[in-house]
Structures are given as C-alpha cells and as structure tokens.
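Notes follow the structure.
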Amino acid sequence: MTTRVKICCISSTDEAKMAIRYGASALGLVANMPSGPGIISDELILTISKMVPPSISTFMLTSETSAHQIIEHHRRTLTNTIQIVDELRQGTYEIIRRALPAIKIVQVIHVIDERTIDEAVEISAFVDALLLDSGNPNLPVKELGGTGRVHNWTLSKKIVEQSKVPVFLAGGLTPENVRQAIDQVQPFGLDLCSGVRTDKKLDPYKLEKFFECVWK
C-alpha cells in the first residue's frame, strides 16, 4: 500500500499547487494557533480549499476545543477534513458529525508517554483518523504541532497496531528519516511541514527528495 503524504503549513495557492504536483494527497491549512508555524487566515483557507481538486484532502487545523466552535470554524473555511489539534473539551465528536456529515474528523494525539496509547485507542472509536504528533498541550503556551521534533516511534507503532482507524505520523519527518519512519511505524500516512521547507518556504528540491524516499 502506498503511504499517503500530507504537506502541512500550506501558505498560498501556489504552495498548494506545488505540493499536489509533487505527490501530496492531502494539504494542511493552519488556522489560528497559540504557537507554531504556517498560520493563515480563515479567508485564505477558504480560497485554497475551493481551488484544490476533489481528489485531494484539505485539512483545516483548528485549535478550538468546543464541538460547536469547531463546527462554526469549519463553516468559515469549507475544507473536506477537520483536524482537531487540541483536546475536545466541550461537546462530542457525534455533535460535529451530525452537523457536518460529509466532513472527515481527524484527532491529533500528542505522543508523550505510555498513557498516550490508551488515550489514542479510545478516541479512535469516534473519529475517521488519528494524527500522531510531537507537541505538548500541557505547557503554559500549548505546543499543538509544527515542532519539527521526532517523538517516540515505539509508542506510535503500538497506536497504529491498536487503532480502529487509519493513523498519520507527524513530527520531525525529513527525507533522511522518512524511510525509517515508514518501516518502523507503518502508518497509513505521513504529515510534515518544516522537513520540506527552506526559510519557511516550500522547497521543490526537498519535496522531490522526500517523495522519492517515500516511494522507493
């Protein structure tokens, strides 16, 4: 099975087109966050989501923690997927699903320790996919992704084995380590931002090298 690749932190329609041209099957569009790279306006997310071909998934990254606020946020951007980067504290996934039945829900799990495994497996019963990242929502300024750090792939592998839904792996992926990540964790998909950028701009050379390593 070909590993899917999601290129995150897309900042313009030109970057979206470039990522798709090199092989991305999904794009990450980062809305307002307490920290991290690639934040763009809801208006630009809407513009990009409208120009992307139907076969490509568009992920709106939201830091909202209320089901109703997440629904309202999505209605401003109209992506085909919602990526919830923090814990859902008010409401349920079912409330989001009833309001937006055609939209996929992806929950980010920040891989911190062994307890993360049980948390991830439990949540996997309610969402369409999990995305394992290297942030830490418990810090004074929450890290909710885009850290560029690799986390413990042994824990990620256990989550992949037990999850009820497909799992994306994120966190510090580069052309140099992506083959090891695929072989060790065997995720459904990969998600990366800084690993294919130079001076915060999407780098065609790094994109080409990354996809060569994924597909070889």
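How things are named: the first chain in the structure tokens is A, the next is B, and so on; residues count from 1 in each chain; ligands count from 1 in the order shown.
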
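Excluding Ser134 of chain A and any residue on its chain fewer than 5 positions from it, the residues at most 6 Å away by only C-alpha atoms are His110, Val111, His151 and Gly171 of chain A.
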
Step one, run DSSP on the backbone; step two, keep only residues of chain A assigned to alpha helix (DSSP H); then write them as a PyMOL selection string. chain A and resi 13-22+42-51+67-75+93-99+115-123+153-162+178-185+204-215

Would you kindly return, as a list in words, each protein, DNA or RNA residue with an atom no farther than 10 Å from any atom of Ala24 of chain A, considering only C-alpha atoms and excluding same-chain residues fewer than 6 positions away?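 My list of contacting residues is Arg4, Val5, Lys6, Ile7, Cys8, Ala16, Lys17, Met18, Ile56, Ser57, Leu190, Asp191, Leu207 and Phe211 of chain A.
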
Generate a file of the selected residues that holds C-alpha atoms, formatted as a JSON list (two decimals), in the first residue's frame.
```
[["chain", "number", "residue", "atom", "x", "y", "z"],
["A", 4, "ARG", "CA", -0.22, 8.84, 1.80],
["A", 5, "VAL", "CA", 1.55, 12.16, 2.33],
["A", 6, "LYS", "CA", 0.02, 15.32, 3.80],
["A", 7, "ILE", "CA", 2.00, 18.51, 3.37],
["A", 8, "CYS", "CA", 1.11, 20.92, 6.15],
["A", 16, "ALA", "CA", -0.91, 24.13, -2.65],
["A", 17, "LYS", "CA", -0.35, 23.55, -6.37],
["A", 18, "MET", "CA", 3.33, 22.72, -5.82],
["A", 56, "ILE", "CA", -7.09, 15.93, -2.61],
["A", 57, "SER", "CA", -7.96, 16.16, 1.08],
["A", 190, "LEU", "CA", 2.75, 10.91, 6.84],
["A", 191, "ASP", "CA", 2.38, 14.57, 7.77],
["A", 207, "LEU", "CA", 9.73, 17.86, -1.84],
["A", 211, "PHE", "CA", 8.64, 11.72, -2.24]]
```

Find the spatial neighbours of segment 180-187 of chain A, counting only C-alpha atoms, within a cut-off of 7 Å - ignore same-chain residues fewer than 4 positions away - and output them as an MDAnalysis selection string. chainID A and resid 153 156:157 160 167:169

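The interatomic distance for the pair atom CA of Ile40 of chain A and atom CA of Ser11 of chain A works out to 6.5 Å.
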
Which of these residues is nearest to Gly91 of chain A, using only C-alpha atoms: A:Thr198, A:His68, A:Ile48, A:Lys104?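 Nearest to Gly91 of chain A: A:His68.
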
So how many Å separate atom CA of Glu122 of chain A and atom CA of Gln69 of chain A, to one decimal?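 These atoms are spaced 22.9 Å apart.
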
Contacts of Leu155 of chain A at 7 Å (only C-alpha atoms; same-chain gap of 4+ positions) as a ChimeraX atom specification: /A:114,117,159

Could you check which of A:Arg179, A:Arg98, A:Arg197, A:Arg75 is closest to Glu212 of chain A, using only C-alpha atoms? A:Arg179

In terms of only C-alpha atoms, the residue from A:Val150, A:Ile82, A:Ala19, A:Met33 at minimal distance from Ile112 of chain A is A:Val150
